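Peer 1: Okay, so here is start28.json, and as you'll see once you scroll down, it has JSON, C-alpha atoms.
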[["chain", "number", "residue", "atom", "x", "y", "z"],
["A", 1, "MET", "CA", 96.62, 72.76, 108.34],
["A", 2, "THR", "CA", 96.30, 71.00, 104.95],
["A", 3, "LYS", "CA", 92.93, 69.55, 106.01],
["A", 4, "ILE", "CA", 91.72, 73.03, 107.01],
["A", 5, "ILE", "CA", 92.76, 74.46, 103.63],
["A", 6, "LYS", "CA", 91.02, 71.60, 101.77],
["A", 7, "ASN", "CA", 87.85, 72.21, 103.78],
["A", 8, "PHE", "CA", 88.06, 75.93, 103.02],
["A", 9, "PHE", "CA", 88.11, 75.30, 99.28],
["A", 10, "LEU", "CA", 85.37, 72.65, 99.49],
["A", 11, "ILE", "CA", 83.18, 75.20, 101.25],
["A", 12, "SER", "CA", 84.03, 77.72, 98.50],
["A", 13, "LEU", "CA", 82.97, 75.25, 95.81],
["A", 14, "PHE", "CA", 79.75, 74.51, 97.66],
["A", 15, "PHE", "CA", 78.78, 78.17, 97.50],
["A", 16, "LEU", "CA", 79.43, 78.32, 93.74],
["A", 17, "SER", "CA", 75.99, 76.92, 93.10],
["A", 18, "MET", "CA", 74.29, 79.56, 95.23],
["A", 19, "ASN", "CA", 72.99, 82.91, 94.00],
["A", 20, "CYS", "CA", 75.43, 85.38, 95.55],
["A", 21, "GLU", "CA", 75.52, 89.10, 96.05],
["A", 22, "GLN", "CA", 78.66, 91.21, 95.50],
["A", 23, "SER", "CA", 79.81, 93.31, 98.45],
["A", 24, "SER", "CA", 82.88, 95.34, 99.18],
["A", 25, "GLN", "CA", 84.47, 97.97, 101.33],
["A", 26, "SER", "CA", 84.78, 101.29, 99.59],
["A", 27, "LYS", "CA", 86.38, 104.60, 100.23],
["A", 28, "ASN", "CA", 84.69, 107.71, 98.90],
["A", 29, "ASN", "CA", 81.21, 108.30, 97.61],
["A", 30, "SER", "CA", 79.42, 106.88, 94.60],
["A", 31, "ASN", "CA", 79.54, 110.24, 92.78],
["A", 32, "SER", "CA", 83.26, 109.87, 92.06],
["A", 33, "MET", "CA", 84.17, 109.96, 88.40],
["A", 34, "VAL", "CA", 86.51, 106.96, 88.52],
["A", 35, "VAL", "CA", 85.90, 103.70, 90.38],
["A", 36, "VAL", "CA", 88.88, 101.48, 91.16],
["A", 37, "LYS", "CA", 87.98, 97.93, 92.22],
["A", 38, "VAL", "CA", 90.74, 95.77, 93.64],
["A", 39, "PHE", "CA", 90.11, 92.07, 94.16],
["A", 40, "SER", "CA", 92.69, 90.95, 96.66],
["A", 41, "SER", "CA", 93.73, 88.38, 99.21],
["A", 42, "LEU", "CA", 95.13, 89.76, 102.45],
["A", 43, "THR", "CA", 97.94, 87.17, 102.39],
["A", 44, "CYS", "CA", 98.99, 88.04, 98.82],
["A", 45, "PRO", "CA", 102.36, 89.90, 98.76],
["A", 46, "HIS", "CA", 101.54, 91.47, 95.37],
["A", 47, "CYS", "CA", 98.29, 92.82, 96.84],
["A", 48, "ALA", "CA", 100.18, 94.33, 99.75],
["A", 49, "ASP", "CA", 102.69, 95.84, 97.35],
["A", 50, "PHE", "CA", 99.90, 97.34, 95.21],
["A", 51, "HIS", "CA", 98.15, 98.73, 98.27],
["A", 52, "MET", "CA", 101.27, 100.29, 99.75],
["A", 53, "LYS", "CA", 102.59, 101.76, 96.50],
["A", 54, "ILE", "CA", 99.42, 102.77, 94.68],
["A", 55, "TYR", "CA", 96.50, 103.05, 97.13],
["A", 56, "GLU", "CA", 98.42, 105.35, 99.45],
["A", 57, "GLU", "CA", 99.21, 107.74, 96.56],
["A", 58, "LEU", "CA", 95.66, 107.52, 95.18],
["A", 59, "GLU", "CA", 94.35, 108.45, 98.62],
["A", 60, "LYS", "CA", 96.43, 111.63, 98.71],
["A", 61, "GLU", "CA", 95.84, 112.77, 95.16],
["A", 62, "TYR", "CA", 92.41, 111.51, 94.11],
["A", 63, "ILE", "CA", 90.35, 109.73, 96.77],
["A", 64, "SER", "CA", 90.55, 112.44, 99.43],
["A", 65, "VAL", "CA", 89.27, 115.05, 96.96],
["A", 66, "GLY", "CA", 86.42, 112.90, 95.62],
["A", 67, "LYS", "CA", 87.77, 112.11, 92.17],
["A", 68, "VAL", "CA", 88.25, 108.38, 92.76],
["A", 69, "LYS", "CA", 86.21, 105.81, 94.63],
["A", 70, "PHE", "CA", 88.36, 102.89, 95.79],
["A", 71, "GLU", "CA", 86.79, 99.51, 96.50],
["A", 72, "HIS", "CA", 88.45, 96.60, 98.27],
["A", 73, "HIS", "CA", 86.84, 93.29, 97.26],
["A", 74, "SER", "CA", 87.88, 90.25, 99.24],
["A", 75, "PHE", "CA", 89.24, 87.27, 97.33],
["A", 76, "PRO", "CA", 90.81, 85.11, 100.05],
["A", 77, "LEU", "CA", 93.26, 82.52, 98.73],
["A", 78, "ASN", "CA", 93.63, 80.61, 101.99],
["A", 79, "LEU", "CA", 92.26, 80.27, 105.51],
["A", 80, "ALA", "CA", 94.58, 82.94, 106.94],
["A", 81, "ALA", "CA", 93.33, 85.45, 104.35],
["A", 82, "LEU", "CA", 89.72, 84.50, 105.07],
["A", 83, "ASN", "CA", 90.20, 85.05, 108.81],
["A", 84, "ALA", "CA", 92.00, 88.35, 108.25],
["A", 85, "GLU", "CA", 89.09, 89.48, 106.07],
["A", 86, "LYS", "CA", 86.66, 88.50, 108.84],
["A", 87, "ILE", "CA", 88.56, 90.73, 111.26],
["A", 88, "LEU", "CA", 88.66, 93.53, 108.69],
["A", 89, "GLN", "CA", 84.90, 93.30, 108.21],
["A", 90, "CYS", "CA", 84.36, 92.94, 111.96],
["A", 91, "ASN", "CA", 85.16, 96.63, 112.22],
["A", 92, "THR", "CA", 82.02, 98.80, 112.14],
["A", 93, "ASN", "CA", 83.76, 102.17, 112.15],
["A", 94, "SER", "CA", 83.94, 103.34, 108.52],
["A", 95, "GLN", "CA", 86.52, 105.95, 109.52],
["A", 96, "ILE", "CA", 89.14, 103.27, 110.15],
["A", 97, "ASP", "CA", 88.25, 100.67, 107.46],
["A", 98, "PHE", "CA", 91.12, 101.51, 105.16],
["A", 99, "LYS", "CA", 93.51, 102.31, 107.99],
["A", 100, "LEU", "CA", 92.98, 98.78, 109.31],
["A", 101, "LEU", "CA", 93.36, 97.36, 105.78],
["A", 102, "THR", "CA", 96.59, 99.31, 105.33],
["A", 103, "GLU", "CA", 97.94, 98.08, 108.66],
["A", 104, "MET", "CA", 97.16, 94.48, 107.75],
["A", 105, "TYR", "CA", 99.11, 94.87, 104.54],
["A", 106, "LYS", "CA", 101.99, 96.64, 106.31],
["A", 107, "LYS", "CA", 102.28, 93.81, 108.82],
["A", 108, "GLN", "CA", 101.46, 90.99, 106.40],
["A", 109, "ASN", "CA", 104.84, 89.29, 106.83],
["A", 110, "LYS", "CA", 104.33, 89.13, 110.59],
["A", 111, "TRP", "CA", 100.79, 87.76, 110.81],
["A", 112, "SER", "CA", 100.34, 85.70, 107.64],
["A", 113, "THR", "CA", 102.74, 82.93, 108.59],
["A", 114, "GLY", "CA", 102.65, 80.66, 111.57],
["A", 115, "SER", "CA", 102.77, 77.05, 112.56],
["A", 116, "ASP", "CA", 98.98, 76.84, 112.93],
["A", 117, "ILE", "CA", 95.85, 78.89, 112.28],
["A", 118, "ASN", "CA", 95.44, 79.77, 115.98],
["A", 119, "MET", "CA", 98.84, 81.44, 115.98],
["A", 120, "ILE", "CA", 97.90, 83.34, 112.81],
["A", 121, "ASN", "CA", 94.53, 84.37, 114.27],
["A", 122, "ASN", "CA", 96.23, 85.74, 117.39],
["A", 123, "SER", "CA", 98.57, 87.81, 115.21],
["A", 124, "ILE", "CA", 95.63, 89.17, 113.20],
["A", 125, "LYS", "CA", 93.73, 90.00, 116.40],
["A", 126, "ALA", "CA", 96.75, 91.90, 117.72],
["A", 127, "ILE", "CA", 96.35, 94.27, 114.75],
["A", 128, "GLY", "CA", 92.59, 94.54, 115.33],
["A", 129, "LYS", "CA", 93.20, 95.57, 118.94],
["A", 130, "GLU", "CA", 95.21, 98.55, 117.68],
["A", 131, "PHE", "CA", 91.95, 99.74, 116.07],
["A", 132, "THR", "CA", 89.72, 99.37, 119.15],
["A", 133, "LEU", "CA", 88.35, 95.93, 118.25],
["A", 134, "THR", "CA", 87.98, 93.80, 121.37],
["A", 135, "GLU", "CA", 89.03, 90.18, 121.76],
["A", 136, "ASP", "CA", 85.36, 89.16, 122.17],
["A", 137, "GLU", "CA", 84.26, 91.03, 119.04],
["A", 138, "MET", "CA", 86.99, 89.45, 116.97],
["A", 139, "ASN", "CA", 86.36, 85.94, 118.33],
["A", 140, "LYS", "CA", 82.67, 86.33, 117.42],
["A", 141, "CYS", "CA", 83.62, 87.47, 113.91],
["A", 142, "LEU", "CA", 86.02, 84.58, 113.45],
["A", 143, "ALA", "CA", 83.25, 82.15, 114.44],
["A", 144, "ASP", "CA", 80.55, 83.95, 112.41],
["A", 145, "LYS", "CA", 79.38, 81.57, 109.64],
["A", 146, "LYS", "CA", 77.20, 84.27, 108.00],
["A", 147, "LEU", "CA", 80.21, 86.55, 107.67],
["A", 148, "GLU", "CA", 82.27, 83.67, 106.30],
["A", 149, "LYS", "CA", 79.56, 82.89, 103.75],
["A", 150, "LYS", "CA", 79.38, 86.57, 102.73],
["A", 151, "ILE", "CA", 83.14, 86.71, 102.12],
["A", 152, "LEU", "CA", 83.20, 83.42, 100.22],
["A", 153, "ASN", "CA", 80.22, 84.57, 98.15],
["A", 154, "GLU", "CA", 82.13, 87.72, 97.26],
["A", 155, "ARG", "CA", 84.98, 85.57, 95.99],
["A", 156, "ILE", "CA", 82.58, 83.43, 93.94],
["A", 157, "GLU", "CA", 80.93, 86.51, 92.43],
["A", 158, "ALA", "CA", 84.34, 87.94, 91.54],
["A", 159, "THR", "CA", 85.21, 84.74, 89.70],
["A", 160, "LYS", "CA", 81.86, 84.67, 87.93],
["A", 161, "ASN", "CA", 81.38, 88.36, 87.08],
["A", 162, "TYR", "CA", 84.95, 89.64, 86.77],
["A", 163, "LYS", "CA", 86.82, 86.46, 85.80],
["A", 164, "VAL", "CA", 89.16, 86.90, 88.76],
["A", 165, "SER", "CA", 91.60, 84.02, 89.01],
["A", 166, "SER", "CA", 94.59, 85.68, 90.69],
["A", 167, "THR", "CA", 95.26, 88.59, 92.99],
["A", 168, "PRO", "CA", 95.37, 91.46, 92.76],
["A", 169, "THR", "CA", 92.94, 91.85, 89.88],
["A", 170, "ILE", "CA", 92.17, 95.49, 89.26],
["A", 171, "TYR", "CA", 89.28, 97.11, 87.40],
["A", 172, "ILE", "CA", 89.02, 100.81, 86.62],
["A", 173, "ASN", "CA", 85.51, 101.88, 85.63],
["A", 174, "GLU", "CA", 84.62, 98.23, 84.97],
["A", 175, "LYS", "CA", 87.57, 97.70, 82.60],
["A", 176, "LYS", "CA", 90.35, 95.32, 83.62],
["A", 177, "TYR", "CA", 93.63, 97.13, 84.27],
["A", 178, "LYS", "CA", 96.49, 95.34, 82.52],
["A", 179, "GLY", "CA", 99.25, 97.91, 82.88],
["A", 180, "THR", "CA", 102.26, 97.85, 85.13],
["A", 181, "ARG", "CA", 101.65, 98.19, 88.84],
["A", 182, "ASP", "CA", 103.51, 101.39, 89.50],
["A", 183, "TYR", "CA", 101.88, 104.66, 90.46],
["A", 184, "LYS", "CA", 103.02, 106.62, 87.40],
["A", 185, "SER", "CA", 101.40, 104.13, 84.98],
["A", 186, "PHE", "CA", 98.27, 103.87, 87.11],
["A", 187, "LYS", "CA", 97.98, 107.66, 87.37],
["A", 188, "LYS", "CA", 98.05, 108.00, 83.55],
["A", 189, "VAL", "CA", 95.00, 105.74, 83.25],
["A", 190, "ILE", "CA", 93.14, 107.65, 85.99],
["A", 191, "ASP", "CA", 93.95, 111.04, 84.46],
["A", 192, "LYS", "CA", 92.61, 109.98, 81.06],
["A", 193, "LEU", "CA", 89.27, 109.18, 82.66],
["A", 194, "LEU", "CA", 88.93, 112.48, 84.57]]
Once you've parsed the file, please lay out its structure as structure tokens.

Peer 2:
Amino acid sequence: MTKIIKNFFLISLFFLSMNCEQSSQSKNNSNSMVVVKVFSSLTCPHCADFHMKIYEELEKEYISVGKVKFEHHSFPLNLAALNAEKILQCNTNSQIDFKLLTEMYKKQNKWSTGSDINMINNSIKAIGKEFTLTEDEMNKCLADKKLEKKILNERIEATKNYKVSSTPTIYINEKKYKGTRDYKSFKKVIDKLL
């Protein structure tokens, strides 16, 4: 496992020298008044906490009515997070993007640990199957080097353009959010921008 993690970070460093393009998964349209960008690793407990406590409330109060656009930007911290992101991006149904993301965070404790990466991958795929992804689709995504490069490039761009060094790193309308990670504090910042 240590060798796999070392290789993962060597690959990441290799892509640093390449010209990369930022991509993300977003919820809501580009006409929203407030854009929330969250750079996160799917194995990060603080990211899961943020998603469950703040995203869910934002969805009800702001995203669903078009006031906020929410963007998930992948910043995998390890091989398990990279593979989970591959499965997340394997989904082509935009209606379930954030439902799948939410489920991955809800079940993070179950899938993110294991004695080897194959065990972790099987746990991630079990979640994907709940969202109509097939075993074959997910195996192709896990083996997809272009998808892997895209995700790693997103991480590199986040480091370069947003100075991301830990997760979650949150930007609201291109300004780094430094407040406490509770909904009441977050809501105050959003309301000031509306």

Peer 1: Any idea what the distance is between CA of Gly114 (chain A) and CA of Lys140 (chain A)?

Peer 2: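 Between CA of Gly114 (chain A) and CA of Lys140 (chain A) the gap is 21.6 Å.
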
Peer 1: Neighbours of Cys44 (chain A) within 9 Å (only C-alpha atoms; same-chain residues fewer than 2 positions away dropped), as a PyMOL selection string?

Peer 2: chain A and resi 40-42+46-49+76-77+81+105+108+167-168

Peer 1: The centre and edge lengths of an axis-aligned box containing all atoms of region 95-102 of chain A present in the file, extended by 5 Å on each side, are to be given in Å to one decimal, as AutoDock Vina command-line options.

Peer 2:
--center_x 91.6 --center_y 101.7 --center_z 107.7 --size_x 20.1 --size_y 18.6 --size_z 15.0

Peer 1: Using only C-alpha atoms, can you tell me which of A:Glu57, A:Asp116, A:Asp144, A:Asp97 comes closest to Phe131 (chain A)?

Peer 2: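 That would be A:Asp97, the residue with the smallest distance to Phe131 (chain A).
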
Peer 1: Using all atoms listed in the file, pick whichever of A:Ser64, A:Asn91, A:Ser165, A:Thr102 has the shortest atom-to-atom distance to Lys129 (chain A).

Peer 2: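 When distances to Lys129 (chain A) are compared using all atoms listed in the file, the smallest one comes from A:Asn91.
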
Peer 1: Which residues of region 54-132 of chain A come within 12 Å of region 170-179 of chain A, and what is each one's closest atom pair and distance in Å (one decimal), counting all atoms listed in the file, sorted by chain and residue number, as JSON lines?

Peer 2:
{"residue": "A:Ile54", "atom": "CA", "partner": "A:Ile170", "partner_atom": "CA", "distance": 11.6}
{"residue": "A:Tyr55", "atom": "CA", "partner": "A:Ile170", "partner_atom": "CA", "distance": 11.7}
{"residue": "A:Val68", "atom": "CA", "partner": "A:Ile172", "partner_atom": "CA", "distance": 9.8}
{"residue": "A:Lys69", "atom": "CA", "partner": "A:Asn173", "partner_atom": "CA", "distance": 9.8}
{"residue": "A:Phe70", "atom": "CA", "partner": "A:Ile172", "partner_atom": "CA", "distance": 9.4}
{"residue": "A:Glu71", "atom": "CA", "partner": "A:Tyr171", "partner_atom": "CA", "distance": 9.7}
{"residue": "A:His72", "atom": "CA", "partner": "A:Ile170", "partner_atom": "CA", "distance": 9.8}
{"residue": "A:His73", "atom": "CA", "partner": "A:Ile170", "partner_atom": "CA", "distance": 9.9}
{"residue": "A:Phe75", "atom": "CA", "partner": "A:Ile170", "partner_atom": "CA", "distance": 11.9}

Peer 1: Selection from above, C-alpha atoms, as a PDB file, in the coordinates of the input, can you write it?

Peer 2:
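Saved result, result_24.pdb, follows:
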ATOM      1  CA  ILE A  54      99.420 102.770  94.680  1.00  0.00           C
ATOM      2  CA  TYR A  55      96.500 103.050  97.130  1.00  0.00           C
ATOM      3  CA  VAL A  68      88.250 108.380  92.760  1.00  0.00           C
ATOM      4  CA  LYS A  69      86.210 105.810  94.630  1.00  0.00           C
ATOM      5  CA  PHE A  70      88.360 102.890  95.790  1.00  0.00           C
ATOM      6  CA  GLU A  71      86.790  99.510  96.500  1.00  0.00           C
ATOM      7  CA  HIS A  72      88.450  96.600  98.270  1.00  0.00           C
ATOM      8  CA  HIS A  73      86.840  93.290  97.260  1.00  0.00           C
ATOM      9  CA  PHE A  75      89.240  87.270  97.330  1.00  0.00           C
TER      10      PHE A  75
END

Peer 1: Name the closest residue to Ile124 (chain A) among the candidates A:Gln89, A:Asn109, A:Ser94, A:Asn83; distances are taken between atoms, counting all atoms listed in the file.

Peer 2: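 Smallest distance to Ile124 (chain A) is found for A:Asn83.
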
Peer 1: Quick one: distance from CA of Leu58 (chain A) to CA of Thr113 (chain A) in Å, one decimal?

Peer 2: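 Between CA of Leu58 (chain A) and CA of Thr113 (chain A) the gap is 28.9 Å.
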
Peer 1: If we count only C-alpha atoms, what is near Asn139 (chain A) at a cut-off of 10 Å, once residues fewer than 3 positions away on the same chain are taken out, given as a CSV table (one decimal) with C-alpha atoms, in the frame of the given file?

Peer 2:
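What follows is the written file around_5.csv:
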chain,number,residue,atom,x,y,z
A,86,LYS,CA,86.7,88.5,108.8
A,87,ILE,CA,88.6,90.7,111.3
A,90,CYS,CA,84.4,92.9,112.0
A,121,ASN,CA,94.5,84.4,114.3
A,122,ASN,CA,96.2,85.7,117.4
A,125,LYS,CA,93.7,90.0,116.4
A,134,THR,CA,88.0,93.8,121.4
A,135,GLU,CA,89.0,90.2,121.8
A,136,ASP,CA,85.4,89.2,122.2
A,142,LEU,CA,86.0,84.6,113.4
A,143,ALA,CA,83.2,82.2,114.4
A,144,ASP,CA,80.6,84.0,112.4

Peer 1: Please determine, counting only C-alpha atoms, which residue among A:Met119, A:Met104, A:Val35, A:Met52 has the shortest atom-to-atom distance to Leu194 (chain A).

Peer 2: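 Residue with the minimum atom-to-atom distance to Leu194 (chain A): A:Val35.
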